[in-house]
There are 6 protein chains.
Amino acid sequence: MSIVVTDPPRTDPALAAAFAEYGVATVHEAQGRTGLLDPALRPIYKGARIAGNAVTVSMAPADNWMLHVAVEQCRPGDVLVAAPTSPSSAGYFGELLATALASRGVRGLIIDAGCRDVAELEKMGFPVWSRHVSAFGTVKETLGDVNVGIVCGGQRIDAGDVVLADDDGVVVVPRLRAEQVLEASRQREEKEAVSRERYAKGELSLDVSSMREKLAAKGLRYVSHEGDA
Amino acid sequence: MSIVVTDPPRTDPALAAAFAEYGVATVHEAQGRTGLLDPALRPIYKGARIAGNAVTVSMAPADNWMLHVAVEQCRPGDVLVAAPTSPSSAGYFGELLATALASRGVRGLIIDAGCRDVAELEKMGFPVWSRHVSAFGTVKETLGDVNVGIVCGGQRIDAGDVVLADDDGVVVVPRLRAEQVLEASRQREEKEAVSRERYAKGELSLDVSSMREKLAAKGLRYVSHEGDA
Amino acid sequence: MSIVVTDPPRTDPALAAAFAEYGVATVHEAQGRTGLLDPALRPIYKGARIAGNAVTVSMAPADNWMLHVAVEQCRPGDVLVAAPTSPSSAGYFGELLATALASRGVRGLIIDAGCRDVAELEKMGFPVWSRHVSAFGTVKETLGDVNVGIVCGGQRIDAGDVVLADDDGVVVVPRLRAEQVLEASRQREEKEAVSRERYAKGELSLDVSSMREKLAAKGLRYVSHEGDA
Amino acid sequence: MSIVVTDPPRTDPALAAAFAEYGVATVHEAQGRTGLLDPALRPIYKGARIAGNAVTVSMAPADNWMLHVAVEQCRPGDVLVAAPTSPSSAGYFGELLATALASRGVRGLIIDAGCRDVAELEKMGFPVWSRHVSAFGTVKETLGDVNVGIVCGGQRIDAGDVVLADDDGVVVVPRLRAEQVLEASRQREEKEAVSRERYAKGELSLDVSSMREKLAAKGLRYVSHEGDA
Amino acid sequence: MSIVVTDPPRTDPALAAAFAEYGVATVHEAQGRTGLLDPALRPIYKGARIAGNAVTVSMAPADNWMLHVAVEQCRPGDVLVAAPTSPSSAGYFGELLATALASRGVRGLIIDAGCRDVAELEKMGFPVWSRHVSAFGTVKETLGDVNVGIVCGGQRIDAGDVVLADDDGVVVVPRLRAEQVLEASRQREEKEAVSRERYAKGELSLDVSSMREKLAAKGLRYVSHEGDA
Amino acid sequence: MSIVVTDPPRTDPALAAAFAEYGVATVHEAQGRTGLLDPALRPIYKGARIAGNAVTVSMAPADNWMLHVAVEQCRPGDVLVAAPTSPSSAGYFGELLATALASRGVRGLIIDAGCRDVAELEKMGFPVWSRHVSAFGTVKETLGDVNVGIVCGGQRIDAGDVVLADDDGVVVVPRLRAEQVLEASRQREEKEAVSRERYAKGELSLDVSSMREKLAAKGLRYVSHEGDA
């Protein structure tokens, strides 16, 4: 019953790409502190930030066959998102598959498993967020699914959701909420710019955000070292 | 019963800062192989080394309110040291709080939890040693303590202890032992410089440190491959 | 019953060194997906690749005495490979031992435990693959073995086996298979160069490797989003 | 935007309960090796097996408020399924909540976090499958959702899905597939009963399942110890 | 500089023992959700609950010498509490040491490391809470401290603090707060008995604890499945 | 190149079985604190102790085909010892395979992966030591080896080595050392019986084993609480 969905709904590519103007933390907050993937998924090198439509892949443990199947389903600007059906640290992905994806304009890979050829991938500029770095080889024996909803890094991801990744990790934005979350991200960034300026001048968040009263109401006391002894 | 101690005892700032001339490994050894925090606390970027007076913060899980309270208690040259009351991988700290701390001259943060905005923090040059990198947001609902003794990375740390951190990790030096440990660190470094020079010339520690006799006494035997078969 | 084997069989040094032309992933695959050490053993800095004869060390937990003993057994081009008899995150190895090894022409260290002085080691250009970075000090009280077979990173390693390490991890090649595995690695790399070129042009592995039929035979179906609903 | 869905679709209670005739492994296999929750979720005591409609709860880290909200949404025969929005080992659940759930006829709890009062829960006969056993207390400050789809133990679970748990772990069966999976489980059990009987008599699966030819085709060779040397 | 403190301050033995009437969760809550040791410290068998004065031991990794030293410092009713100076899974403790402790009236052991002979210990009725079960042997080479403050399971513990352990884990109560915390535990238990009775009758905590208004104020909404779609 | 060795050398069955008179800790110590498998391999139920000749199996991740092959190679009194070539938590083994093994007189299974049907296995009295309990299913696609040397739980194990397992874990004794280690175990047990009797009477190991002098020589000091302050 393994299937490849060839025409899943998609987020407008320009809308998806626009998320790359914001950081993962900003977008995660802007959608109500949801959608963050397990922080154990780390970038294999620093400095990349990508956003795009998710093409999802469900794979058997230590079997990367479905990644080969998924390549064909990718369009320029997409992000491949893959998870094994049970935990695996094998190295599902390396330079050859990256070459294939890059030639199709895919922006990067999110994989809840292992990645290899990390030096070559950095040289190519093909970013990967993975749970493991491992050279352990995989087989091509068992089928899985492409563009069927998966759980990756503890989050539900459907094909056509927006995925954003940077040095802080990876966040997913459901397709139907993308427009609204993008706007909320923009607003959050604006508001933070104001706070940043005030903090840089030495103002305290205790005052900027009027926390002192609420703290006192909860019972916070300021004491001197002697009085405390 | 949450409190902020406003005037904890402190190590002389110049004495505290002087530890930055030595590596974490040296100081840890110089105080009798004690005080090293759990090595799972890693720097978010390479190359920083800081030392200063600890300002300590105890926080609820996934709640960073007390970090905002702690900013006000920091002085130039201090190091903020924070731990949740139960394990949490949430991202308690990011660019905005770093801006506030930097504007007060704080040297860095040690946190037994998660940190976010790591790319921005590296750009700012504000070093953090954390257990996790995570964008997961926190709330501001529950009180904690500032400048009350905590356990961070498995070590007891009191406000005014010296904290030293570099690429090898983090070590705490109790306030009352700081002067003596600094001197012991200096002596250890001198002694190591001599060994380094001898090793670089090809001398063996077996000879430099007269280990051969003790090894033989414990029963070490040198055998040939054939004799061993 | 602790012993040092002074003249273990060795792989021809030129043969061992030749493995450094290939990546860890390539060699691991070329010998039938075997020999890869636990991916938790990571390089302390990026960009090194070394290959050489293994000098093996078995050590007590948090005791680095046998590393000092092992230095004397190393020859130019060797790679030191060390494992504790029970798990330990202590920092067995640092700049001083690295100075001693470097002066004998040793290419690097693989250690299933902790390493310290990582900034200094990177500056020296002495690469280490370790399970932990930790400044925690060790004692010199208990004997172990040198050049006796060990398990390191979950793999059996005998003195004189070839060890290859790069940014992807570490692989061991048994001495008696070294020549054959080197040739198989060469062939694999040639074959991959062909695939890489075709993928870069946009050809699909589904076609290049004739996977479509096998996938269909296993039952993979391509469906449209609507048809699937 | 926190919500409680008061009337989610449900699996017929008798159908849901019927799954308790089968083991978790059987049902997991019968639905194509899918739906198994992370095996780190373990029963707090041995010997329970429960099946029922899932009532789902999404909670803030270290905050069990929504469990109190969820009690009211439970019906006899239900199974409560709860997950925090970021990893938490806190003890969200104990004897008091169990008393409340038991009085409503709830069969047990699946929680991707910590549980406490485990001795009392065993005495009451209220089974829990949890990731942690921990007495760490929680607060009641932050909202979450009830009967909205969650990820628990790495699996998507919607209210009204069937959840089955025993000493082997926990499996979820999507509501719309429940009838078909129950039948497949029955068939699998029948088939296994035949194999069991044959194995008990000493027959080999190599013969019972005609594996020898396929093994030989893949290249398996039987060799004698001498021939192998 | 290793020392054994022979006459540390102690909690009144009757007061310390009285904590065994309450569960770990109750006492942890009664002292403001503090003092709980890392839940990874688990009992080696079910059903024990002990409370007593802590005798503290700091030990080198994989070295149990100081446990032998500590036996002499124990009095009837004490609880031995031990932690290595760096993480160790070795089996520091087994039947022989338990025999020695039992003969002195010690109630049990809390150890942030490994324990062995678990079958024999259960037969003897000598309870242990440990991080690991491991037969790995230890040496007797390196000194440590007895009755000096330690960190065990992430909590500061001083000799003479009260330690309480049961199937839920381990909690420490500082000596000077013992009386007050015991009374708070008694009150908490009384209050919980009332709630338990009401819950058993089917009343909801939403009503018993008047949560509905606060939930509504925070914005919780009850919606029907259709309305939600 | 997958092979099954049909006639590996074996330890005399009576000699192998005799190890079951001793505990894992005793035998591990008796052979110089070696051979203990990773303590993460735990028994699925309490109270079993088995010893016998190892039949070794190397398997692909999440693929249990070779266990079926291995059954045929087992003789009465053997212990099956299996490890995947890369880490896997899948449930390779359950009631059906246990029925097959039991019918051939196999004493139990050691597996560095997952096991399922644990309730049924306990009922049958077929003991398993595994790293995980997991119902996750496996495939039958990839070959491995039987009776070729493996690494299981971090230890080298060859077919015909003796494996001993009890509630403390698992230890391997190399075939050629079995006789000598059995005798050393007997002697150790005798010696411990004497110590046990003396400790039970209240004698201290400090005296029984004359540790006081050595402790003093290393510098241990006994101080009073006041003197220490």
# chains A, B, ... in the order shown; residues from 1 in each chain; ligands from 1

$ closest_atom_pairs --of "chain D" --to "chain A" --cutoff "8 Å" --atoms "only C-alpha atoms" --output "JSON lines"
{"residue": "D:Thr34", "atom": "CA", "partner": "A:Thr85", "partner_atom": "CA", "distance": 7.5}
{"residue": "D:Thr85", "atom": "CA", "partner": "A:Thr34", "partner_atom": "CA", "distance": 7.5}
{"residue": "D:Val151", "atom": "CA", "partner": "A:Gly154", "partner_atom": "CA", "distance": 6.5}
{"residue": "D:Gly153", "atom": "CA", "partner": "A:Gly154", "partner_atom": "CA", "distance": 8.0}
{"residue": "D:Gly154", "atom": "CA", "partner": "A:Gly154", "partner_atom": "CA", "distance": 5.4}
{"residue": "D:Gln155", "atom": "CA", "partner": "A:Val151", "partner_atom": "CA", "distance": 6.6}
{"residue": "D:Arg156", "atom": "CA", "partner": "A:Arg156", "partner_atom": "CA", "distance": 6.9}

$ residues_around --residues "Cys74 (chain F)" --least-positions-apart "6" --cutoff "9 Å" --atoms "only C-alpha atoms" --output "tab-separated table (two decimals) with N, CA and C atoms, in the first residue's frame"
chain	number	residue	atom	x	y	z
F	55	VAL	N	25.87	-19.03	20.24
F	55	VAL	CA	25.69	-19.09	18.79
F	55	VAL	C	25.50	-17.64	18.36
F	80	LEU	N	21.63	-18.02	22.26
F	80	LEU	CA	21.73	-17.26	21.02
F	80	LEU	C	22.15	-15.82	21.35
F	101	LEU	N	13.14	-21.88	19.36
F	101	LEU	CA	14.39	-22.09	20.09
F	101	LEU	C	14.18	-23.02	21.28
F	104	ARG	N	14.28	-26.60	20.69
F	104	ARG	CA	15.62	-27.16	20.46
F	104	ARG	C	16.47	-27.13	21.72
F	105	GLY	N	15.91	-26.69	22.82
F	105	GLY	CA	16.67	-26.69	24.08
F	105	GLY	C	17.57	-25.49	24.28
F	106	VAL	N	17.34	-24.44	23.50
F	106	VAL	CA	18.16	-23.23	23.69
F	106	VAL	C	17.75	-22.55	24.99

$ select_by_dssp --residues "region 49-189 of chain C" --states "helix (DSSP H, G or I)" --output "PyMOL selection string"
chain C and resi 65-71+95-103+118-124+175-189

$ atom_distance --atom1 "CA of Leu143 (chain F)" --atom2 "CA of Lys218 (chain C)"
18.8 Å

$ residues_around --residues "Val162 (chain A)" --least-positions-apart "5" --cutoff "12 Å" --atoms "only C-alpha atoms" --output "ChimeraX atom specification"
/A:9-20,24,27,35,50-56,77-81,156-157,170-179,181-182

$ atom_distance --atom1 "CA of Ala30 (chain D)" --atom2 "CA of Ser185 (chain D)"
5.2 Å

$ residues_around --residues "Gly114 (chain C)" --least-positions-apart "2" --cutoff "8 Å" --atoms "only C-alpha atoms" --output "ChimeraX atom specification"
/C:88-93,111-112,116,130-135

$ select_by_dssp --residues "region 42-218 of chain E" --states "strand (DSSP E)" --output "ChimeraX atom specification"
/E:42-43,50-59,79-84,91-93,108-115,128-133,145-146,150-152,155-157,162-166,169-173

$ atom_distance --atom1 "CA of Val148 (chain C)" --atom2 "CA of Asp161 (chain C)"
11.6 Å

$ residues_around --residues "Asp117 (chain E)" --least-positions-apart "4" --cutoff "12 Å" --atoms "only C-alpha atoms" --output "ChimeraX atom specification"
/E:44-45,91-99,121-124,126-128,133-137 /F:22-26,47,166-169

$ closest_residue --among "B:Pro8, B:Pro76, B:Pro43, B:Gly219" --to "Val118 (chain B)" --atoms "only C-alpha atoms"
B:Pro43

$ decode --residues "region 123-144 of chain A" --atoms "N, CA, C and O atoms" --output "mmCIF file, in the first residue's frame"
data_model
loop_
_atom_site.group_PDB
_atom_site.id
_atom_site.type_symbol
_atom_site.label_atom_id
_atom_site.label_comp_id
_atom_site.auth_asym_id
_atom_site.auth_seq_id
_atom_site.Cartn_x
_atom_site.Cartn_y
_atom_site.Cartn_z
ATOM 1 N N LYS A 123 30.813 21.912 0.817
ATOM 2 C CA LYS A 123 31.495 22.476 -0.349
ATOM 3 C C LYS A 123 30.488 22.830 -1.449
ATOM 4 O O LYS A 123 30.590 23.869 -2.093
ATOM 5 N N MET A 124 29.501 21.935 -1.657
ATOM 6 C CA MET A 124 28.472 22.165 -2.675
ATOM 7 C C MET A 124 27.501 23.271 -2.276
ATOM 8 O O MET A 124 26.761 23.784 -3.117
ATOM 9 N N GLY A 125 27.431 23.541 -0.982
ATOM 10 C CA GLY A 125 26.419 24.480 -0.503
ATOM 11 C C GLY A 125 25.020 23.887 -0.497
ATOM 12 O O GLY A 125 24.035 24.591 -0.714
ATOM 13 N N PHE A 126 24.934 22.584 -0.237
ATOM 14 C CA PHE A 126 23.613 21.958 -0.123
ATOM 15 C C PHE A 126 23.357 21.668 1.350
ATOM 16 O O PHE A 126 23.899 20.729 1.924
ATOM 17 N N PRO A 127 22.478 22.467 1.988
ATOM 18 C CA PRO A 127 22.310 22.335 3.432
ATOM 19 C C PRO A 127 21.410 21.158 3.830
ATOM 20 O O PRO A 127 20.415 20.881 3.153
ATOM 21 N N VAL A 128 21.762 20.536 4.938
ATOM 22 C CA VAL A 128 20.988 19.417 5.484
ATOM 23 C C VAL A 128 20.845 19.626 6.983
ATOM 24 O O VAL A 128 21.807 20.011 7.654
ATOM 25 N N TRP A 129 19.655 19.381 7.492
ATOM 26 C CA TRP A 129 19.416 19.314 8.939
ATOM 27 C C TRP A 129 19.112 17.856 9.247
ATOM 28 O O TRP A 129 18.136 17.295 8.705
ATOM 29 N N SER A 130 19.932 17.245 10.106
ATOM 30 C CA SER A 130 19.773 15.813 10.368
ATOM 31 C C SER A 130 19.936 15.526 11.850
ATOM 32 O O SER A 130 20.477 16.334 12.602
ATOM 33 N N ARG A 131 19.459 14.357 12.258
ATOM 34 C CA ARG A 131 19.606 13.941 13.653
ATOM 35 C C ARG A 131 21.007 13.387 13.911
ATOM 36 O O ARG A 131 21.535 13.482 15.011
ATOM 37 N N HIS A 132 21.592 12.787 12.881
ATOM 38 C CA HIS A 132 22.910 12.173 13.025
ATOM 39 C C HIS A 132 23.795 12.525 11.827
ATOM 40 O O HIS A 132 23.285 12.787 10.744
ATOM 41 N N VAL A 133 25.089 12.513 12.039
ATOM 42 C CA VAL A 133 26.027 12.432 10.921
ATOM 43 C C VAL A 133 26.580 11.022 10.978
ATOM 44 O O VAL A 133 27.150 10.614 11.994
ATOM 45 N N SER A 134 26.368 10.261 9.918
ATOM 46 C CA SER A 134 26.812 8.872 9.934
ATOM 47 C C SER A 134 27.037 8.387 8.523
ATOM 48 O O SER A 134 26.238 8.630 7.622
ATOM 49 N N ALA A 135 28.132 7.673 8.334
ATOM 50 C CA ALA A 135 28.437 7.100 7.022
ATOM 51 C C ALA A 135 27.757 5.758 6.817
ATOM 52 O O ALA A 135 27.879 5.163 5.747
ATOM 53 N N PHE A 136 27.035 5.262 7.823
ATOM 54 C CA PHE A 136 26.489 3.907 7.709
ATOM 55 C C PHE A 136 25.573 3.769 6.485
ATOM 56 O O PHE A 136 24.603 4.517 6.336
ATOM 57 N N GLY A 137 25.853 2.800 5.655
ATOM 58 C CA GLY A 137 25.143 2.617 4.393
ATOM 59 C C GLY A 137 23.736 2.074 4.563
ATOM 60 O O GLY A 137 23.391 1.485 5.590
ATOM 61 N N THR A 138 22.924 2.293 3.539
ATOM 62 C CA THR A 138 21.532 1.835 3.556
ATOM 63 C C THR A 138 21.299 0.860 2.395
ATOM 64 O O THR A 138 22.103 0.774 1.476
ATOM 65 N N VAL A 139 20.150 0.160 2.480
ATOM 66 C CA VAL A 139 19.774 -0.751 1.398
ATOM 67 C C VAL A 139 18.623 -0.136 0.599
ATOM 68 O O VAL A 139 18.165 0.971 0.888
ATOM 69 N N LYS A 140 18.199 -0.827 -0.439
ATOM 70 C CA LYS A 140 17.060 -0.411 -1.266
ATOM 71 C C LYS A 140 16.163 -1.618 -1.431
ATOM 72 O O LYS A 140 16.176 -2.274 -2.472
ATOM 73 N N GLU A 141 15.397 -1.942 -0.390
ATOM 74 C CA GLU A 141 14.603 -3.167 -0.385
ATOM 75 C C GLU A 141 13.136 -2.939 -0.067
ATOM 76 O O GLU A 141 12.285 -3.696 -0.511
ATOM 77 N N THR A 142 12.849 -1.917 0.734
ATOM 78 C CA THR A 142 11.494 -1.784 1.271
ATOM 79 C C THR A 142 10.868 -0.470 0.818
ATOM 80 O O THR A 142 11.512 0.577 0.854
ATOM 81 N N LEU A 143 9.598 -0.531 0.438
ATOM 82 C CA LEU A 143 8.902 0.670 -0.020
ATOM 83 C C LEU A 143 8.488 1.564 1.152
ATOM 84 O O LEU A 143 8.451 1.133 2.301
ATOM 85 N N GLY A 144 8.147 2.782 0.811
ATOM 86 C CA GLY A 144 7.576 3.736 1.761
ATOM 87 C C GLY A 144 6.642 4.643 0.984
ATOM 88 O O GLY A 144 6.120 4.249 -0.053
#
